[in-house]
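Student: Dumping the structure here so I can ask a few things about it.
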Protein chains: 2
Amino acid sequence: MENSGRQVKDLLYAQVARIGKAVCSPKRLELIDLLCQGEKPVERLAAEAQISLKLASAHLKELRQAHMVEARKEGKNVYYRLTGEAVADFWVAIRSLAEDRLLDLRAALAKLAEHAHELTPMSREELLARAKNGDVVVLDVRPPSEFASGHLPYAQSMPLDQLKKRLADLPRDKPVVAYCRGPFCLMSKEAVEYLNQQGFHAFRFEDGVAEWRAHGLPVETAPPL
Amino acid sequence: MENSGRQVKDLLYAQVARIGKAVCSPKRLELIDLLCQGEKPVERLAAEAQISLKLASAHLKELRQAHMVEARKEGKNVYYRLTGEAVADFWVAIRSLAEDRLLDLRAALAKLAEHAHELTPMSREELLARAKNGDVVVLDVRPPSEFASGHLPYAQSMPLDQLKKRLADLPRDKPVVAYCRGPFCLMSKEAVEYLNQQGFHAFRFEDGVAEWRAHGLPVETAPPL
DNA sequence: CTAATAATCAAACGTTCGTTGGAGTATGCG
DNA sequence: CGCATACTCCAACGAACGTTTGATTATTAG
């Protein structure tokens, strides 16, 4: 009786540990972060996480066995996606806990924002209101496919590699706020540094779509233009 | 430049993976679950998780290195506690995700509730309101020390091993709702089965204090009597 | 003081995990 | 058809992990 209780408990905790095992590898976490931006084929995931295709495939298999991602085959490609928003929320939660508890991580993030003035001094709600009014221009500097599968309201797609060619589209008299995949992504930082060099009033917004949605705010999925 | 970006990202994801590593072992998850009930010395943690003292010590060291628990020495004992409510919230979150995604876990939990009528057919808010009115009696069947360090409002302490002696304290004309450490704890199940055998109208409530608090509901820390 | 308790440390075991290389499977193209 | 692409499976390596054993450090009791 006492022993059967132990067996049940071992089984229950072991099941939760399957999720834990899935998120104990840095590369798997990075893949989850990438998949928060929308579904992608293995090849793209491997390239963006800078690992071999084989290794990406192996890690994705682990994530699939934990039912955190699922695959869809289309032509020669296998597209992976998260099994639900709960997985993205969990990624936001574990990253938040790590930021909260691990001083090393907080120090590393602070170093990324060493030019403090580059960080947007606005709350999510304020940004949303001012973007609605047209008081600020919100730029999504991720690749177009990620923009298409979900972006902040009133944001316009401005992939990092097109920024230099499309400077004329941007106002010089209004604040420009750039965001990308989230706090661990460096694309918006790069964009903001370049824009400020060119005389714009540019700020970085740390949220990605996953953080935005996890805090209960709306996300648009159809391109606005 | 591109390479330094990789180094930064590797560092960031590796930090988050420290949290993941801490929660990839079933025993460590069980220790976290136990510590959600309040601080405890190593010996008690080891006994309740049914592992050796040495092994418990080793696992607690891992958790300490992830800054999820901290220790306080008092006399011959070392008392461990969670470093904050965020850790308890995270435990609730990872367990919820596992319940959500892993069919094996859902099946095991359903088997625990095989007598469906034993589960409380009430929301948290409804239970709180009816307990306030005195329409139901809420029993905390955990050990007294855990009750003392935090319990549901209007609950009375009724440790499982004292239940048989104190049956006279319980009403036979009102529903009796018993809770314990949470969904993975079997104490409330045992209590409810016994009470129903004895002719009471007893129900199990799956939440523990951590679940209750994570959903934004109030927790009392001083014993009511 | 010595003896006993509570806990950690150090070493060692078998196991599992991350990663790589090679082979194998399905799909699309010419 | 044959070849290239996209991916998965299998085997193998070293590294890291979970667990146990024995020795070691604090603290209390006698």
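Going by the structure tokens order, chains are called A, B, ..., each with residues numbered from 1, while ligands are numbered from 1 in the order shown.
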Find the residues of chain A in contact range of chain C, meaning any atom within 9 Å when counting only C-alpha atoms (C1' of nucleotides), and list them as a list in words.
Tutor: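 Per the criterion, chain A yields Ser25, Lys54, Leu55, Gly75, Lys76 and Asn77 of chain A.
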Student: For chain B against chain A, with a cut-off of 9 Å and counting only C-alpha atoms, what is the closest atom pair and its distance in Å to one decimal for every residue that makes the cut, ordered by chain and number, as JSON lines?
Tutor:
```
{"residue": "B:Gly5", "atom": "CA", "partner": "A:Leu186", "partner_atom": "CA", "distance": 7.5}
{"residue": "B:Arg6", "atom": "CA", "partner": "A:Gln50", "partner_atom": "CA", "distance": 8.1}
{"residue": "B:Val8", "atom": "CA", "partner": "A:Ala108", "partner_atom": "CA", "distance": 8.0}
{"residue": "B:Lys9", "atom": "CA", "partner": "A:Phe184", "partner_atom": "CA", "distance": 6.6}
{"residue": "B:Asp10", "atom": "CA", "partner": "A:Pro26", "partner_atom": "CA", "distance": 7.2}
{"residue": "B:Leu11", "atom": "CA", "partner": "A:Leu105", "partner_atom": "CA", "distance": 8.2}
{"residue": "B:Leu12", "atom": "CA", "partner": "A:Leu105", "partner_atom": "CA", "distance": 6.3}
{"residue": "B:Tyr13", "atom": "CA", "partner": "A:Pro26", "partner_atom": "CA", "distance": 4.9}
{"residue": "B:Ala14", "atom": "CA", "partner": "A:Pro26", "partner_atom": "CA", "distance": 4.9}
{"residue": "B:Gln15", "atom": "CA", "partner": "A:Leu105", "partner_atom": "CA", "distance": 6.0}
{"residue": "B:Val16", "atom": "CA", "partner": "A:Ala98", "partner_atom": "CA", "distance": 5.4}
{"residue": "B:Ala17", "atom": "CA", "partner": "A:Cys24", "partner_atom": "CA", "distance": 4.8}
{"residue": "B:Arg18", "atom": "CA", "partner": "A:Cys24", "partner_atom": "CA", "distance": 6.9}
{"residue": "B:Ile19", "atom": "CA", "partner": "A:Ala98", "partner_atom": "CA", "distance": 6.4}
{"residue": "B:Gly20", "atom": "CA", "partner": "A:Cys24", "partner_atom": "CA", "distance": 4.0}
{"residue": "B:Lys21", "atom": "CA", "partner": "A:Cys24", "partner_atom": "CA", "distance": 4.6}
{"residue": "B:Ala22", "atom": "CA", "partner": "A:Cys24", "partner_atom": "CA", "distance": 7.9}
{"residue": "B:Val23", "atom": "CA", "partner": "A:Gly20", "partner_atom": "CA", "distance": 5.1}
{"residue": "B:Cys24", "atom": "CA", "partner": "A:Gly20", "partner_atom": "CA", "distance": 4.0}
{"residue": "B:Ser25", "atom": "CA", "partner": "A:Ala17", "partner_atom": "CA", "distance": 5.7}
{"residue": "B:Pro26", "atom": "CA", "partner": "A:Tyr13", "partner_atom": "CA", "distance": 4.9}
{"residue": "B:Lys27", "atom": "CA", "partner": "A:Tyr13", "partner_atom": "CA", "distance": 7.4}
{"residue": "B:Leu29", "atom": "CA", "partner": "A:Tyr13", "partner_atom": "CA", "distance": 6.6}
{"residue": "B:Glu30", "atom": "CA", "partner": "A:Tyr13", "partner_atom": "CA", "distance": 6.6}
{"residue": "B:Ala49", "atom": "CA", "partner": "A:Arg6", "partner_atom": "CA", "distance": 8.7}
{"residue": "B:Gln50", "atom": "CA", "partner": "A:Arg6", "partner_atom": "CA", "distance": 8.1}
{"residue": "B:Ala66", "atom": "CA", "partner": "A:Leu102", "partner_atom": "CA", "distance": 7.2}
{"residue": "B:His67", "atom": "CA", "partner": "A:Arg101", "partner_atom": "CA", "distance": 5.9}
{"residue": "B:Met68", "atom": "CA", "partner": "A:Arg101", "partner_atom": "CA", "distance": 7.2}
{"residue": "B:Thr83", "atom": "CA", "partner": "A:Arg101", "partner_atom": "CA", "distance": 8.2}
{"residue": "B:Ala86", "atom": "CA", "partner": "A:Leu97", "partner_atom": "CA", "distance": 6.8}
{"residue": "B:Val87", "atom": "CA", "partner": "A:Leu97", "partner_atom": "CA", "distance": 7.3}
{"residue": "B:Phe90", "atom": "CA", "partner": "A:Ala93", "partner_atom": "CA", "distance": 7.1}
{"residue": "B:Ala93", "atom": "CA", "partner": "A:Phe90", "partner_atom": "CA", "distance": 7.1}
{"residue": "B:Ile94", "atom": "CA", "partner": "A:Val16", "partner_atom": "CA", "distance": 7.0}
{"residue": "B:Arg95", "atom": "CA", "partner": "A:Val16", "partner_atom": "CA", "distance": 5.9}
{"residue": "B:Ser96", "atom": "CA", "partner": "A:Val16", "partner_atom": "CA", "distance": 8.9}
{"residue": "B:Leu97", "atom": "CA", "partner": "A:Ala86", "partner_atom": "CA", "distance": 6.8}
{"residue": "B:Ala98", "atom": "CA", "partner": "A:Val16", "partner_atom": "CA", "distance": 5.4}
{"residue": "B:Glu99", "atom": "CA", "partner": "A:Val16", "partner_atom": "CA", "distance": 8.0}
{"residue": "B:Asp100", "atom": "CA", "partner": "A:Ala86", "partner_atom": "CA", "distance": 8.4}
{"residue": "B:Arg101", "atom": "CA", "partner": "A:His67", "partner_atom": "CA", "distance": 5.9}
{"residue": "B:Leu102", "atom": "CA", "partner": "A:His67", "partner_atom": "CA", "distance": 6.7}
{"residue": "B:Asp104", "atom": "CA", "partner": "A:Gln15", "partner_atom": "CA", "distance": 7.5}
{"residue": "B:Leu105", "atom": "CA", "partner": "A:Gln15", "partner_atom": "CA", "distance": 6.0}
{"residue": "B:Ala108", "atom": "CA", "partner": "A:Leu12", "partner_atom": "CA", "distance": 7.3}
{"residue": "B:Leu109", "atom": "CA", "partner": "A:Leu12", "partner_atom": "CA", "distance": 8.0}
{"residue": "B:Leu112", "atom": "CA", "partner": "A:Val8", "partner_atom": "CA", "distance": 9.0}
{"residue": "B:Phe184", "atom": "CA", "partner": "A:Lys9", "partner_atom": "CA", "distance": 6.6}
{"residue": "B:Cys185", "atom": "CA", "partner": "A:Lys9", "partner_atom": "CA", "distance": 7.8}
{"residue": "B:Leu186", "atom": "CA", "partner": "A:Gly5", "partner_atom": "CA", "distance": 7.5}
```
Student: Using the chain letters and numbers from this document, which residues of segment 35-156 of chain B does DSSP assign to helix (DSSP H, G or I), as a VMD selection string?
Tutor: chain B and resid 35 42 to 49 53 to 65 85 to 101 103 to 112 116 to 118 124 to 133 144 to 148
Student: Starting from chain D, keep only residues with some atom at most 12 Å from an atom of chain A, counting only C-alpha atoms (C1' of nucleotides), and report them as number ranges by chain.
Tutor: D: 4-9
Student: For a test of reading the model, state the distance in Å between atom CA of Gly182 of chain B and atom CA of Arg213 of chain B, rounded to one decimal.
Tutor: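 Atom-to-atom, atom CA of Gly182 of chain B to atom CA of Arg213 of chain B, that is 11.8 Å.
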Student: Quick one: everything within 12 Å of Pro121 of chain B, counting only C-alpha atoms (C1' of nucleotides), minus sequence neighbours fewer than 3 positions away in the same chain. Send it as a ChimeraX atom specification.
Tutor: /B:116-118,124-127,175,177,202-206
Student: Using DSSP on the backbone coordinates, identify all residues within segment 36-116 of chain A classified as strand (DSSP E or B); present the result as a PyMOL selection string.
Tutor: chain A and resi 40-41+69-74+77-82
Student: What is the atom CA of Leu195 of chain B to atom CA of Met158 of chain B distance in Å?
Tutor: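 Interatomic distance, atom CA of Leu195 of chain B to atom CA of Met158 of chain B: 12.3 Å.
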Student: What is the atom CA of Asp140 of chain B-atom CA of Gly199 of chain B distance in Å, reported with one decimal?
Tutor: 19.3 Å
